[in-house]
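File shown: protein-v3.cif. Contents: mmCIF, C-alpha atoms.
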data_my_file
#
loop_
_atom_site.label_atom_id
_atom_site.label_comp_id
_atom_site.auth_asym_id
_atom_site.auth_seq_id
_atom_site.Cartn_x
_atom_site.Cartn_y
_atom_site.Cartn_z
CA MET A 226 -35.65 -38.27 58.30
CA LYS A 227 -32.21 -36.65 58.44
CA THR A 228 -31.16 -33.57 56.54
CA PHE A 229 -28.87 -34.41 53.64
CA SER A 230 -25.49 -32.70 53.71
CA ALA A 231 -23.25 -33.23 50.70
CA THR A 232 -19.63 -34.29 51.00
CA PRO A 233 -16.92 -33.64 48.40
CA ALA A 234 -17.42 -37.21 47.08
CA ASP A 235 -21.11 -36.47 46.37
CA ILE A 236 -20.42 -33.40 44.21
CA GLU A 237 -20.80 -33.81 40.48
CA LYS A 238 -19.81 -30.82 38.36
CA LYS A 239 -20.84 -30.22 34.77
CA TRP A 240 -19.64 -27.71 32.17
CA ILE A 241 -22.23 -25.27 30.81
CA ILE A 242 -21.85 -22.79 27.96
CA ILE A 243 -24.10 -19.72 27.69
CA ASP A 244 -24.35 -17.39 24.69
CA ALA A 245 -24.88 -13.85 26.05
CA GLU A 246 -25.74 -12.23 22.71
CA GLY A 247 -28.91 -10.15 23.13
CA VAL A 248 -29.52 -11.30 26.72
CA VAL A 249 -30.33 -8.81 29.49
CA LEU A 250 -27.37 -8.48 31.88
CA GLY A 251 -29.15 -8.77 35.25
CA ARG A 252 -31.22 -11.78 34.24
CA LEU A 253 -28.16 -13.52 32.83
CA ALA A 254 -26.11 -12.77 35.95
CA SER A 255 -28.77 -14.19 38.29
CA ILE A 256 -28.96 -17.44 36.27
CA ILE A 257 -25.16 -17.74 36.24
CA ALA A 258 -24.94 -17.05 40.00
CA MET A 259 -27.55 -19.74 40.69
CA ARG A 260 -25.64 -22.26 38.52
CA LEU A 261 -22.27 -21.39 40.12
CA ARG A 262 -23.71 -21.78 43.61
CA GLY A 263 -25.46 -25.05 42.79
CA LYS A 264 -28.93 -23.99 43.91
CA HIS A 265 -30.50 -25.71 40.91
CA LYS A 266 -29.48 -29.12 42.29
CA PRO A 267 -31.60 -31.10 44.78
CA THR A 268 -28.44 -31.92 46.78
CA PHE A 269 -27.60 -28.24 47.43
CA THR A 270 -25.48 -27.67 50.52
CA PRO A 271 -24.84 -23.99 51.40
CA SER A 272 -21.28 -24.46 52.68
CA MET A 273 -19.97 -26.45 49.68
CA ASP A 274 -18.91 -25.59 46.13
CA MET A 275 -21.75 -27.55 44.50
CA GLY A 276 -22.14 -25.54 41.30
CA ASP A 277 -21.21 -26.14 37.70
CA ASN A 278 -18.43 -24.61 35.63
CA VAL A 279 -19.93 -21.86 33.47
CA ILE A 280 -18.53 -20.50 30.19
CA VAL A 281 -20.05 -17.27 28.85
CA ILE A 282 -19.38 -16.27 25.24
CA ASN A 283 -20.28 -13.06 23.35
CA ALA A 284 -20.13 -10.95 26.52
CA ASP A 285 -19.52 -7.87 24.36
CA LYS A 286 -23.04 -8.23 22.87
CA ILE A 287 -24.85 -8.10 26.23
CA GLN A 288 -27.94 -5.89 26.51
CA LEU A 289 -28.88 -3.45 29.26
CA THR A 290 -32.42 -2.17 29.76
CA GLY A 291 -33.43 1.47 29.94
CA LYS A 292 -30.62 4.03 29.99
CA LYS A 293 -28.27 1.85 32.05
CA ARG A 294 -25.68 1.68 29.27
CA ASP A 295 -25.01 5.41 29.79
CA ASP A 296 -26.20 5.93 33.39
CA LYS A 297 -24.73 2.88 35.18
CA ILE A 298 -21.37 3.87 36.64
CA TYR A 299 -18.64 1.54 37.92
CA TYR A 300 -16.43 3.07 40.63
CA TRP A 301 -13.05 1.99 41.97
CA HIS A 302 -10.35 3.59 44.08
CA THR A 303 -6.64 3.60 43.32
CA GLY A 304 -5.65 3.72 46.98
CA HIS A 305 -4.20 7.22 46.73
CA PRO A 306 -5.87 10.34 48.19
CA GLY A 307 -8.52 11.60 45.78
CA GLY A 308 -8.03 8.49 43.66
CA ILE A 309 -11.66 7.59 42.97
CA LYS A 310 -12.18 6.61 39.33
CA GLN A 311 -15.31 5.88 37.36
CA ARG A 312 -16.45 4.51 34.01
CA THR A 313 -19.90 4.04 32.51
CA ALA A 314 -21.13 0.66 31.35
CA ARG A 315 -20.88 1.86 27.73
CA GLN A 316 -17.19 2.75 28.13
CA ILE A 317 -16.39 -0.68 29.56
CA ILE A 318 -18.44 -2.63 26.99
CA GLU A 319 -16.90 -0.69 24.09
CA GLY A 320 -13.45 -0.81 25.68
CA GLU A 321 -10.73 -3.41 25.85
CA HIS A 322 -12.34 -5.79 28.39
CA PRO A 323 -16.15 -5.93 27.90
CA GLU A 324 -16.34 -9.24 29.80
CA ARG A 325 -15.76 -7.38 33.08
CA VAL A 326 -19.36 -6.12 33.10
CA VAL A 327 -20.70 -9.69 33.22
CA THR A 328 -18.06 -10.78 35.75
CA LYS A 329 -18.88 -7.90 38.13
CA ALA A 330 -22.64 -8.48 37.83
CA VAL A 331 -22.24 -12.17 38.76
CA GLN A 332 -19.73 -11.43 41.53
CA ARG A 333 -22.11 -8.96 43.15
CA MET A 334 -24.94 -11.52 43.14
CA LEU A 335 -22.90 -13.99 45.19
CA PRO A 336 -22.35 -13.66 48.95
CA GLY A 337 -19.20 -11.80 49.94
CA ASN A 338 -17.18 -14.57 51.56
CA ARG A 339 -14.40 -17.09 50.85
CA LEU A 340 -16.79 -19.50 49.17
CA SER A 341 -17.87 -16.78 46.76
CA ARG A 342 -14.27 -16.16 45.72
CA GLN A 343 -13.83 -19.89 45.15
CA LEU A 344 -17.04 -20.01 43.08
CA MET A 345 -15.81 -17.17 40.84
CA THR A 346 -12.94 -19.40 39.70
CA ASN A 347 -15.57 -21.64 38.05
CA LEU A 348 -16.72 -18.79 35.78
CA ARG A 349 -15.05 -18.08 32.44
CA VAL A 350 -16.24 -15.07 30.42
CA TYR A 351 -15.13 -14.36 26.84
CA ALA A 352 -15.91 -11.29 24.73
CA GLY A 353 -16.08 -13.25 21.46
CA THR A 354 -17.25 -16.69 20.41
CA GLU A 355 -13.84 -18.36 20.81
CA HIS A 356 -13.07 -20.28 23.99
CA GLY A 357 -10.58 -23.00 24.80
CA HIS A 358 -12.90 -25.41 26.61
CA GLU A 359 -14.08 -27.72 23.83
CA ALA A 360 -12.31 -30.64 25.52
CA GLN A 361 -14.72 -30.43 28.47
CA SER A 362 -17.67 -30.87 26.03
CA PRO A 363 -19.92 -28.25 27.69
CA GLU A 364 -23.70 -28.46 27.50
CA VAL A 365 -25.49 -25.49 25.93
CA LEU A 366 -27.87 -23.58 28.21
CA ASP A 367 -30.25 -21.41 26.17
CA VAL A 368 -31.07 -18.48 28.46
CA LYS A 369 -33.09 -16.63 25.78
CA SER A 370 -35.71 -19.38 25.55
CA MET A 371 -36.19 -19.68 29.33
CA ASN A 372 -38.25 -16.48 29.50
CA SER A 373 -39.26 -13.96 26.84
CA LYS A 374 -37.97 -11.13 29.08
CA ASN A 375 -34.44 -12.55 29.06
CA ALA A 376 -33.82 -11.43 25.47
CA ARG A 377 -33.89 -7.90 24.14
CA GLY A 378 -33.36 -6.48 20.67
CA ALA A 379 -30.61 -3.97 19.99
#
Since I need it in another form, could you write the structure as structure tokens?
Amino acid sequence: MKTFSATPADIEKKWIIIDAEGVVLGRLASIIAMRLRGKHKPTFTPSMDMGDNVIVINADKIQLTGKKRDDKIYYWHTGHPGGIKQRTARQIIEGEHPERVVTKAVQRMLPGNRLSRQLMTNLRVYAGTEHGHEAQSPEVLDVKSMNSKNARGA
């Protein structure tokens, strides 16, 4: 029996919409990363973009466990000497672009290569409930009902 290796003609992509309201960030990010990569499909091929297109809504209502909202720090560097900057998760979530917390969590769960950058183009994250992808007729994926630990009260 030969090992199956998918070709671009074998790939079938779907559109999935996930409501992030009340869902724990890390658990949501791991499910999204698995869907983007295509590991949930029996025809998974590691070197191909096999995954689905994922739409995440209500990213501003994401939950973090413990004291991560205040203790988790995101660092970046401006490129100038002494230019290290930092923000807490609370500052980003309450700021202008709360969807960046979800995007970074998913990005860091994917391998750091060219394929990962291509997979990130299949992810769309929105802070509110409005999104412009109704024409693709996405299927709803209920992450809260998958496991009782996925959801958390405010």
For stretch 287-371 of chain A versus stretch 249-262 of chain A, which residues have an atom no more than 6 Å away, and what is each residue's nearest atom pair and distance in Å rounded to one decimal, using only C-alpha atoms, chain-then-number order, as a Markdown table?
| residue | atom | partner | partner_atom | distance |
| --- | --- | --- | --- | --- |
| A:Gln288 | CA | A:Val249 | CA | 4.8 |
| A:Leu289 | CA | A:Val249 | CA | 5.6 |
| A:Ala330 | CA | A:Ala254 | CA | 5.8 |
| A:Val331 | CA | A:Ala254 | CA | 4.8 |
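You will find atom CA of A:Glu324 at 26.9 Å from atom CA of A:Lys266.
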Could you tell me which residues the PyMOL selection byres ((chain A and resi 372) around 12) returns for this structure, as a list of chain:residue names?
->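 Evaluating the PyMOL selection byres ((chain A and resi 372) around 12) on these coordinates yields A:Val248, A:Val249, A:Arg252, A:Leu253, A:Ile256, A:Asp367, A:Val368, A:Lys369, A:Ser370, A:Met371, A:Ser373, A:Lys374, A:Asn375, A:Ala376, A:Arg377.
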Within 12 Å of stretch 305-315 of chain A, counting all atoms listed in the file, which residues show up once you throw out same-chain ones fewer than 3 positions away? Write them as a count of residues only, please.
-> 30
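Ranking A:Met273, A:Ala360, A:Ile317, A:Val365 by their shortest atom-to-atom distance to A:Gln343, with all atoms listed in the file included, puts A:Met273 first.
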Which of these residues is nearest to A:Glu364, using all atoms listed in the file: A:Gln316, A:Thr346, A:Asn278, A:Thr303?
-> A:Asn278
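For A:Arg349, the set of protein, DNA and RNA residues having any atom at most 7 Å away, when counting only C-alpha atoms and skipping those fewer than 5 positions along the same chain, is A:Val279, A:Ile280, A:Val281.
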Straight-line distance linking atom CA of A:Gln361 with atom CA of A:Ile236, stated in Å to one decimal |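 Computed distance, atom CA of A:Gln361 to atom CA of A:Ile236, equals 17.0 Å.
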Can you give me, as a PDB file with C-alpha atoms, in the frame of the given file, the residues this file yields under the PyMOL selection byres ((chain A and resi 354) around 7)?
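Contents of out.pdb, freshly written:
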ATOM      1  CA  ILE A 282     -19.380 -16.270  25.240  1.00  0.00           C
ATOM      2  CA  ASN A 283     -20.280 -13.060  23.350  1.00  0.00           C
ATOM      3  CA  GLY A 353     -16.080 -13.250  21.460  1.00  0.00           C
ATOM      4  CA  GLU A 355     -13.840 -18.360  20.810  1.00  0.00           C
ATOM      5  CA  HIS A 356     -13.070 -20.280  23.990  1.00  0.00           C
TER       6      HIS A 356
END
From the list A:Ala231, A:Ile242, A:Met226, A:Met275, which residue is nearest A:Leu340 when using all atoms listed in the file?
-> A:Met275
Kindly indicate which residue among A:Asp277, A:Thr268, A:Gly337, A:Lys227 lies nearest to A:Trp240, using only C-alpha atoms for the distances.
->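 Of A:Asp277, A:Thr268, A:Gly337, A:Lys227, the one nearest A:Trp240 is A:Asp277, counting only C-alpha atoms.
If you look at atom CA of A:Pro233 and atom CA of A:Pro336, they are 20.7 Å away from each other.
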Rank nothing, just name the residue among A:Gly357, A:Leu366, A:Ser272, A:Val350 nearest to A:Asn338, using all atoms listed in the file.
->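 So, comparing all the options, the nearest one is A:Ser272.
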Between A:Lys264, A:Leu344, A:Phe229, A:Ala284, which is the closest to A:Gln332 once you count all atoms listed in the file?
->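 Ranked by minimum distance to A:Gln332, first place goes to A:Leu344.
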Write out as AutoDock Vina command-line options an axis-aligned box for stretch 231-241 of chain A: all of its atoms listed in the file, 6 Å added on each side, centre and edge lengths in Å with one decimal.
--center_x -20.1 --center_y -31.2 --center_z 40.9 --size_x 18.3 --size_y 23.9 --size_z 32.2
Output as a PDB file, in the coordinates of the input: stretch 289-303 of chain A, completed with N, CA and C atoms.
ATOM      1  N   LEU A 289     -28.459  -4.066  28.010  1.00  0.00           N
ATOM      2  CA  LEU A 289     -28.880  -3.450  29.260  1.00  0.00           C
ATOM      3  C   LEU A 289     -30.192  -2.731  28.999  1.00  0.00           C
ATOM      4  N   THR A 290     -31.117  -2.791  29.944  1.00  0.00           N
ATOM      5  CA  THR A 290     -32.420  -2.170  29.760  1.00  0.00           C
ATOM      6  C   THR A 290     -32.373  -0.702  30.136  1.00  0.00           C
ATOM      7  N   GLY A 291     -33.330   0.051  29.622  1.00  0.00           N
ATOM      8  CA  GLY A 291     -33.430   1.470  29.940  1.00  0.00           C
ATOM      9  C   GLY A 291     -32.214   2.254  29.478  1.00  0.00           C
ATOM     10  N   LYS A 292     -31.786   3.200  30.322  1.00  0.00           N
ATOM     11  CA  LYS A 292     -30.620   4.030  29.990  1.00  0.00           C
ATOM     12  C   LYS A 292     -29.392   3.597  30.771  1.00  0.00           C
ATOM     13  N   LYS A 293     -29.374   2.314  31.222  1.00  0.00           N
ATOM     14  CA  LYS A 293     -28.270   1.850  32.050  1.00  0.00           C
ATOM     15  C   LYS A 293     -26.941   1.866  31.329  1.00  0.00           C
ATOM     16  N   ARG A 294     -26.943   1.702  30.020  1.00  0.00           N
ATOM     17  CA  ARG A 294     -25.680   1.680  29.270  1.00  0.00           C
ATOM     18  C   ARG A 294     -24.914   2.995  29.476  1.00  0.00           C
ATOM     19  N   ASP A 295     -25.651   4.107  29.593  1.00  0.00           N
ATOM     20  CA  ASP A 295     -25.010   5.410  29.790  1.00  0.00           C
ATOM     21  C   ASP A 295     -25.035   5.876  31.248  1.00  0.00           C
ATOM     22  N   ASP A 296     -26.027   5.429  32.023  1.00  0.00           N
ATOM     23  CA  ASP A 296     -26.200   5.930  33.390  1.00  0.00           C
ATOM     24  C   ASP A 296     -25.533   5.070  34.455  1.00  0.00           C
ATOM     25  N   LYS A 297     -25.333   3.778  34.192  1.00  0.00           N
ATOM     26  CA  LYS A 297     -24.730   2.880  35.180  1.00  0.00           C
ATOM     27  C   LYS A 297     -23.236   3.183  35.264  1.00  0.00           C
ATOM     28  N   ILE A 298     -22.759   3.469  36.456  1.00  0.00           N
ATOM     29  CA  ILE A 298     -21.370   3.870  36.640  1.00  0.00           C
ATOM     30  C   ILE A 298     -20.664   2.856  37.542  1.00  0.00           C
ATOM     31  N   TYR A 299     -19.491   2.436  37.131  1.00  0.00           N
ATOM     32  CA  TYR A 299     -18.640   1.540  37.920  1.00  0.00           C
ATOM     33  C   TYR A 299     -17.540   2.379  38.550  1.00  0.00           C
ATOM     34  N   TYR A 300     -17.431   2.318  39.884  1.00  0.00           N
ATOM     35  CA  TYR A 300     -16.430   3.070  40.630  1.00  0.00           C
ATOM     36  C   TYR A 300     -15.337   2.152  41.145  1.00  0.00           C
ATOM     37  N   TRP A 301     -14.125   2.677  41.265  1.00  0.00           N
ATOM     38  CA  TRP A 301     -13.050   1.990  41.970  1.00  0.00           C
ATOM     39  C   TRP A 301     -12.098   3.045  42.497  1.00  0.00           C
ATOM     40  N   HIS A 302     -11.268   2.653  43.442  1.00  0.00           N
ATOM     41  CA  HIS A 302     -10.350   3.590  44.080  1.00  0.00           C
ATOM     42  C   HIS A 302      -8.929   3.085  43.910  1.00  0.00           C
ATOM     43  N   THR A 303      -8.025   3.983  43.575  1.00  0.00           N
ATOM     44  CA  THR A 303      -6.640   3.600  43.320  1.00  0.00           C
ATOM     45  C   THR A 303      -5.860   3.346  44.601  1.00  0.00           C
TER      46      THR A 303
END
